[in-house]
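Please read the structure below before turning to the comments.
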Amino acid sequence: MLTTDPRQVEDWRELRLRLTASAPAERSLLLADTARRTRRSIVEMISTAGQGHIGGDLSVTDILTTLFAYTLRIDPARPDLAGRDRFILSKGHCAAALYSTLAFTGYFSPASLDTFMAPLSELNGHPNRNKIPGVETNTGPLGHGLPVAVGQAVAAKLSGSGARVFVVMGDGEMQEGSNWEALMAASHFGLDNLVAIVDRNRLQQGARTEDTNALDPLDDRLAAFGCEVREIDGHDYDALIDAFRPSTTGRPVAVVANTTKGKGVSFIEDRVEWHHKVPSPDQVELALEELA
C-alpha cells in the first residue's frame with residue numbers, strides 16, 4: 001500500500017493556511033494554480049500509460065481541487081482519522097484526476113503517478129481502498145458510489161462524529177437507477193451531512209447525455225427526490241466553495257456542477273471522442289503548453 005509523503009503534506013498544510021487567510025480573488029488564483037498542476041499531471045499520466053479517461057478527468061479537476069485543498073475536514077498524514085469527512089469518486093474511471101489530487105495533497109508521493117495503470121502498480125484504472133490512502137471505497141461500476149455514501153452518512157449520524165460525506169457522480173452515471181434509490185433513502189433519513197455532486201459535462205461515452213437518455217430538468221428531478229439543489233459553474237471556485245457549505249434545511253444537498261469535458265485543453269474540450277482517447281506526443285506537447 002502507498003504511504004503518506006510528509007513533504008507533500010507540509011506543502012498542502014501551507015497551501016490550506018494561505019487559502020484560509022486569502023481574500024476570494026487570491027484564493028481563486030491559488031486554487032487555479034493547483035488545478036493547473038493537476039491537469040498537467042493528468043495529461044502526462046495518461047500519455048505515459050497509453051490509456052485513461054482524459055475528458056472526464058479534466059472536467060472534474062476543479063471540483064476535486066476545491067474539495068481537497070479547501071473544503072474537506074481531513075488530515076492526509078492520518079488518512080484513517082476518526083471523524084474525518086469522507087470523499088467518494090463514484091465516476092471511478094476518472095481515477096487519474098483523483099490520484100493526482102491525492103498525491104499533491106500528500107497521501108502518497110507524486111513520483112508514484114508515473115506508474116499509473118502499469119503492471120503491479122497500486123494505481124489501477126479504478127480506485128482501490130486497499131491500496132491507496134485517501135480512497136474511502138472501491139469504485140468503478142457506475143451507480144455504486146452514491147449508495148455507499150448514503151451508508152457512510154447514516155453511520156456518521158449514528159456515531160455522532162459530525163463527519164460530512166461528499167460524492168461525485170458523472171452526469172451519464174445519473175442514468176443508473178441505483179442513484180435515484182439512494183437519493184430517495186437519503187431524503188427519507190434526513191441526511192443533511194451528504195453532498196451529492198453531479199459533474200454535469202453533458203457528454204458520456206459515445207454521445208451527449210441528452211441524446212442518450214435525457215436528464216434535464218436535472219435540478220427539478222433532484223429536488224423532487226428531496227434534495228436541496230445548488231446549480232453552479234463547476235469551474236468557478238467561489239461558487240464551488242459556497243455550494244459545499246453545510247445544509248440548513250435538514251435535507252441532503254445535490255450540487256449540479258456544470259462543467260466542460262476536457263476543460264483546459266482546447267482540442268479536447270467538449271469533444272465526445274476524448275472520453276478515453278489518448279493524446280499523441282505532439283498533442284501532449286500542445287496540451288502542456290496550454291496548461292503552462
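Each chain in the C-alpha cells gets a letter, A, B, ..., in the order shown, and its residues are numbered from 1; ligands are numbered from 1 in order too.
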Next on the checklist: Residues near region 194-204 of chain A, anyone? I mean within 8 Å using only C-alpha atoms, not counting same-chain ones fewer than 5 positions away, as a PyMOL selection string.
Outcome noted: chain A and resi 59-60+146+149-150+153+164-172+186+209-210+234+244+252-261+270+272+275
Next on the checklist: DSSP on the backbone, strand (DSSP E) only: what residues of region 52-114 of chain A does that give? Format it as JSON, numbers by chain.
Outcome noted: {"A": [86, 87, 88, 89]}
Export all heavy atoms of the chosen residues as an mmCIF file, in the first residue's frame?
data_model
loop_
_atom_site.group_PDB
_atom_site.id
_atom_site.type_symbol
_atom_site.label_atom_id
_atom_site.label_comp_id
_atom_site.auth_asym_id
_atom_site.auth_seq_id
_atom_site.Cartn_x
_atom_site.Cartn_y
_atom_site.Cartn_z
ATOM 1 N N ARG A 86 -15.633 12.279 4.515
ATOM 2 C CA ARG A 86 -15.392 11.223 3.521
ATOM 3 C C ARG A 86 -15.602 11.762 2.118
ATOM 4 O O ARG A 86 -16.488 12.596 1.911
ATOM 5 C CB ARG A 86 -16.350 10.052 3.728
ATOM 6 C CG ARG A 86 -15.825 8.920 4.581
ATOM 7 C CD ARG A 86 -15.554 9.304 6.005
ATOM 8 N NE ARG A 86 -15.304 8.116 6.826
ATOM 9 C CZ ARG A 86 -15.084 8.144 8.120
ATOM 10 N NH1 ARG A 86 -15.065 9.309 8.769
ATOM 11 N NH2 ARG A 86 -14.875 7.027 8.793
ATOM 12 N N PHE A 87 -14.794 11.265 1.184
ATOM 13 C CA PHE A 87 -14.990 11.595 -0.229
ATOM 14 C C PHE A 87 -14.995 10.314 -1.046
ATOM 15 O O PHE A 87 -14.133 9.445 -0.872
ATOM 16 C CB PHE A 87 -13.893 12.517 -0.771
ATOM 17 C CG PHE A 87 -14.024 12.690 -2.266
ATOM 18 C CD1 PHE A 87 -14.993 13.542 -2.779
ATOM 19 C CD2 PHE A 87 -13.243 11.952 -3.149
ATOM 20 C CE1 PHE A 87 -15.172 13.663 -4.152
ATOM 21 C CE2 PHE A 87 -13.414 12.067 -4.522
ATOM 22 C CZ PHE A 87 -14.380 12.931 -5.024
ATOM 23 N N ILE A 88 -15.967 10.221 -1.953
ATOM 24 C CA ILE A 88 -16.062 9.070 -2.861
ATOM 25 C C ILE A 88 -16.153 9.582 -4.294
ATOM 26 O O ILE A 88 -17.013 10.408 -4.607
ATOM 27 C CB ILE A 88 -17.296 8.206 -2.544
ATOM 28 C CG1 ILE A 88 -17.157 7.567 -1.151
ATOM 29 C CG2 ILE A 88 -17.501 7.128 -3.600
ATOM 30 C CD1 ILE A 88 -18.399 6.822 -0.694
ATOM 31 N N LEU A 89 -15.251 9.101 -5.156
ATOM 32 C CA LEU A 89 -15.345 9.393 -6.588
ATOM 33 C C LEU A 89 -16.125 8.257 -7.228
ATOM 34 O O LEU A 89 -15.569 7.209 -7.563
ATOM 35 C CB LEU A 89 -13.950 9.507 -7.208
ATOM 36 C CG LEU A 89 -13.948 9.842 -8.707
ATOM 37 C CD1 LEU A 89 -14.470 11.258 -8.963
ATOM 38 C CD2 LEU A 89 -12.551 9.667 -9.305
#
Checklist entry - Taking only C-alpha atoms into account, which of A:Ser112, A:Ile63, A:His188, A:Thr101 comes nearest Asp233 (chain A)? => result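 Among A:Ser112, A:Ile63, A:His188, A:Thr101, it is A:Ile63 that comes nearest to Asp233 (chain A).
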Checklist entry - So, counting only C-alpha atoms, which residue among A:Tyr70, A:Lys91, A:Leu102, A:Ala96 is closest to Thr139 (chain A)? => result A:Lys91
Item to check | Those of region 2-243 of chain A in DSSP alpha helix (DSSP H), formatted as JSON, numbers by chain | outcome: {"A": [6, 7, 8, 9, 10, 11, 12, 13, 14, 15, 16, 17, 18, 19, 20, 21, 24, 25, 26, 27, 28, 29, 30, 31, 32, 33, 34, 35, 36, 37, 38, 39, 40, 41, 42, 43, 44, 45, 46, 47, 48, 49, 54, 55, 56, 57, 58, 59, 60, 61, 62, 63, 64, 65, 66, 95, 96, 97, 98, 99, 100, 101, 102, 103, 104, 105, 145, 146, 147, 148, 149, 150, 151, 152, 153, 154, 155, 156, 157, 158, 159, 177, 178, 179, 180, 181, 182, 183, 184, 185, 186, 187, 188, 209, 210, 211, 212, 218, 219, 220, 221, 222, 223, 224, 237, 238, 239, 240, 241, 242, 243]}
Can you write out the residues you just picked, keeping C-alpha atoms, as a compact mmCIF listing (two decimals), in the first residue's frame?
# COMPACT_ATOMS: atom_id res chain seq x y z
CA PRO A 6 5.48 14.13 4.69
CA ARG A 7 6.90 16.83 2.40
CA GLN A 8 3.74 16.95 0.33
CA VAL A 9 1.62 17.04 3.49
CA GLU A 10 3.53 20.10 4.69
CA ASP A 11 3.07 21.77 1.29
CA TRP A 12 -0.66 21.02 1.48
CA ARG A 13 -0.91 22.43 5.01
CA GLU A 14 0.85 25.61 3.92
CA LEU A 15 -1.49 25.94 0.94
CA ARG A 16 -4.52 25.43 3.16
CA LEU A 17 -3.41 28.13 5.56
CA ARG A 18 -2.88 30.53 2.65
CA LEU A 19 -6.29 29.69 1.20
CA THR A 20 -8.00 30.22 4.53
CA ALA A 21 -6.30 33.59 5.06
CA PRO A 24 -11.55 35.50 -2.59
CA ALA A 25 -9.59 36.79 -5.59
CA GLU A 26 -6.26 35.49 -4.33
CA ARG A 27 -7.89 32.28 -3.14
CA SER A 28 -9.20 31.61 -6.64
CA LEU A 29 -5.75 32.19 -8.12
CA LEU A 30 -4.20 29.72 -5.69
CA LEU A 31 -6.83 27.09 -6.46
CA ALA A 32 -6.46 27.69 -10.20
CA ASP A 33 -2.71 27.14 -9.96
CA THR A 34 -3.24 23.91 -8.03
CA ALA A 35 -5.78 22.70 -10.60
CA ARG A 36 -3.43 23.61 -13.44
CA ARG A 37 -0.70 21.40 -11.97
CA THR A 38 -3.19 18.58 -11.55
CA ARG A 39 -4.34 18.86 -15.16
CA ARG A 40 -0.74 18.76 -16.40
CA SER A 41 -0.20 15.65 -14.32
CA ILE A 42 -3.33 14.02 -15.78
CA VAL A 43 -2.14 14.61 -19.35
CA GLU A 44 1.29 13.18 -18.57
CA MET A 45 -0.12 10.14 -16.70
CA ILE A 46 -2.49 9.15 -19.49
CA SER A 47 0.14 9.73 -22.15
CA THR A 48 2.62 7.51 -20.33
CA ALA A 49 0.05 4.80 -19.56
CA ILE A 54 -8.87 12.25 -20.06
CA GLY A 55 -12.08 14.16 -20.84
CA GLY A 56 -13.83 13.37 -17.56
CA ASP A 57 -10.58 13.75 -15.60
CA LEU A 58 -10.18 17.31 -16.83
CA SER A 59 -13.83 18.22 -16.21
CA VAL A 60 -13.80 17.11 -12.56
CA THR A 61 -10.43 18.63 -11.62
CA ASP A 62 -11.71 21.94 -10.22
CA ILE A 63 -14.27 20.11 -8.08
CA LEU A 64 -11.61 17.82 -6.60
CA THR A 65 -9.17 20.68 -6.11
CA THR A 66 -11.70 22.74 -4.16
CA ALA A 95 -9.05 7.82 -11.37
CA ALA A 96 -6.18 9.88 -12.83
CA ALA A 97 -7.75 13.10 -11.52
CA LEU A 98 -8.26 11.58 -8.07
CA TYR A 99 -4.74 10.11 -7.92
CA SER A 100 -3.14 13.42 -8.88
CA THR A 101 -5.23 15.25 -6.29
CA LEU A 102 -4.38 12.74 -3.54
CA ALA A 103 -0.67 12.85 -4.40
CA PHE A 104 -0.49 16.65 -4.30
CA THR A 105 -2.42 16.54 -1.02
CA GLY A 145 -20.67 5.37 -5.15
CA LEU A 146 -23.76 7.25 -4.02
CA PRO A 147 -25.41 4.26 -2.31
CA VAL A 148 -22.16 3.68 -0.38
CA ALA A 149 -22.02 7.39 0.51
CA VAL A 150 -25.55 7.19 1.87
CA GLY A 151 -24.48 4.33 4.12
CA GLN A 152 -21.46 6.31 5.32
CA ALA A 153 -23.64 9.35 6.00
CA VAL A 154 -26.02 7.20 8.06
CA ALA A 155 -23.05 5.80 10.00
CA ALA A 156 -21.77 9.32 10.69
CA LYS A 157 -25.18 10.29 12.03
CA LEU A 158 -25.39 7.22 14.26
CA SER A 159 -21.89 7.71 15.64
CA GLY A 177 -31.48 3.71 -11.21
CA SER A 178 -29.45 2.90 -8.09
CA ASN A 179 -28.59 6.59 -7.74
CA TRP A 180 -32.23 7.57 -7.52
CA GLU A 181 -32.96 4.85 -4.98
CA ALA A 182 -30.05 6.18 -2.92
CA LEU A 183 -31.33 9.76 -3.11
CA MET A 184 -34.77 8.59 -2.03
CA ALA A 185 -33.22 6.94 1.04
CA ALA A 186 -31.01 9.96 1.77
CA SER A 187 -34.05 12.20 1.82
CA HIS A 188 -36.04 9.76 3.92
CA THR A 209 -26.29 12.66 -22.35
CA GLU A 210 -29.39 14.37 -23.71
CA ASP A 211 -29.23 12.23 -26.87
CA THR A 212 -28.67 9.02 -24.93
CA LEU A 218 -31.95 17.59 -13.62
CA ASP A 219 -32.36 20.21 -10.90
CA ASP A 220 -36.12 19.64 -10.72
CA ARG A 221 -35.66 15.89 -10.64
CA LEU A 222 -33.15 16.08 -7.79
CA ALA A 223 -35.47 18.42 -5.88
CA ALA A 224 -38.37 16.02 -6.43
CA TYR A 237 -14.01 28.26 -7.25
CA ASP A 238 -16.08 30.74 -5.25
CA ALA A 239 -19.27 29.06 -6.45
CA LEU A 240 -17.90 25.62 -5.56
CA ILE A 241 -16.89 26.71 -2.07
CA ASP A 242 -20.33 28.22 -1.49
CA ALA A 243 -22.12 25.15 -2.88
Item to check | CA of Leu2 (chain A) to CA of Ile132 (chain A), distance in Å rounded to a single decimal | outcome: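 CA of Ile132 (chain A) lies at a distance of 5.7 Å from CA of Leu2 (chain A).
Of the listed residues A:Ala292, A:Met1, A:Tyr107, A:Gly50, the one whose atoms come nearest to Val278 (chain A) is A:Gly50, with distances taken using only C-alpha atoms.
Of note, CA of Ala287 (chain A) and CA of Val265 (chain A) are spaced 5.6 Å apart.
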Next on the checklist: Nearest residue to Arg73 (chain A) out of A:Met117, A:Ile232, A:Ala163, A:Ala214, using only C-alpha atoms?
Outcome noted: A:Ala163
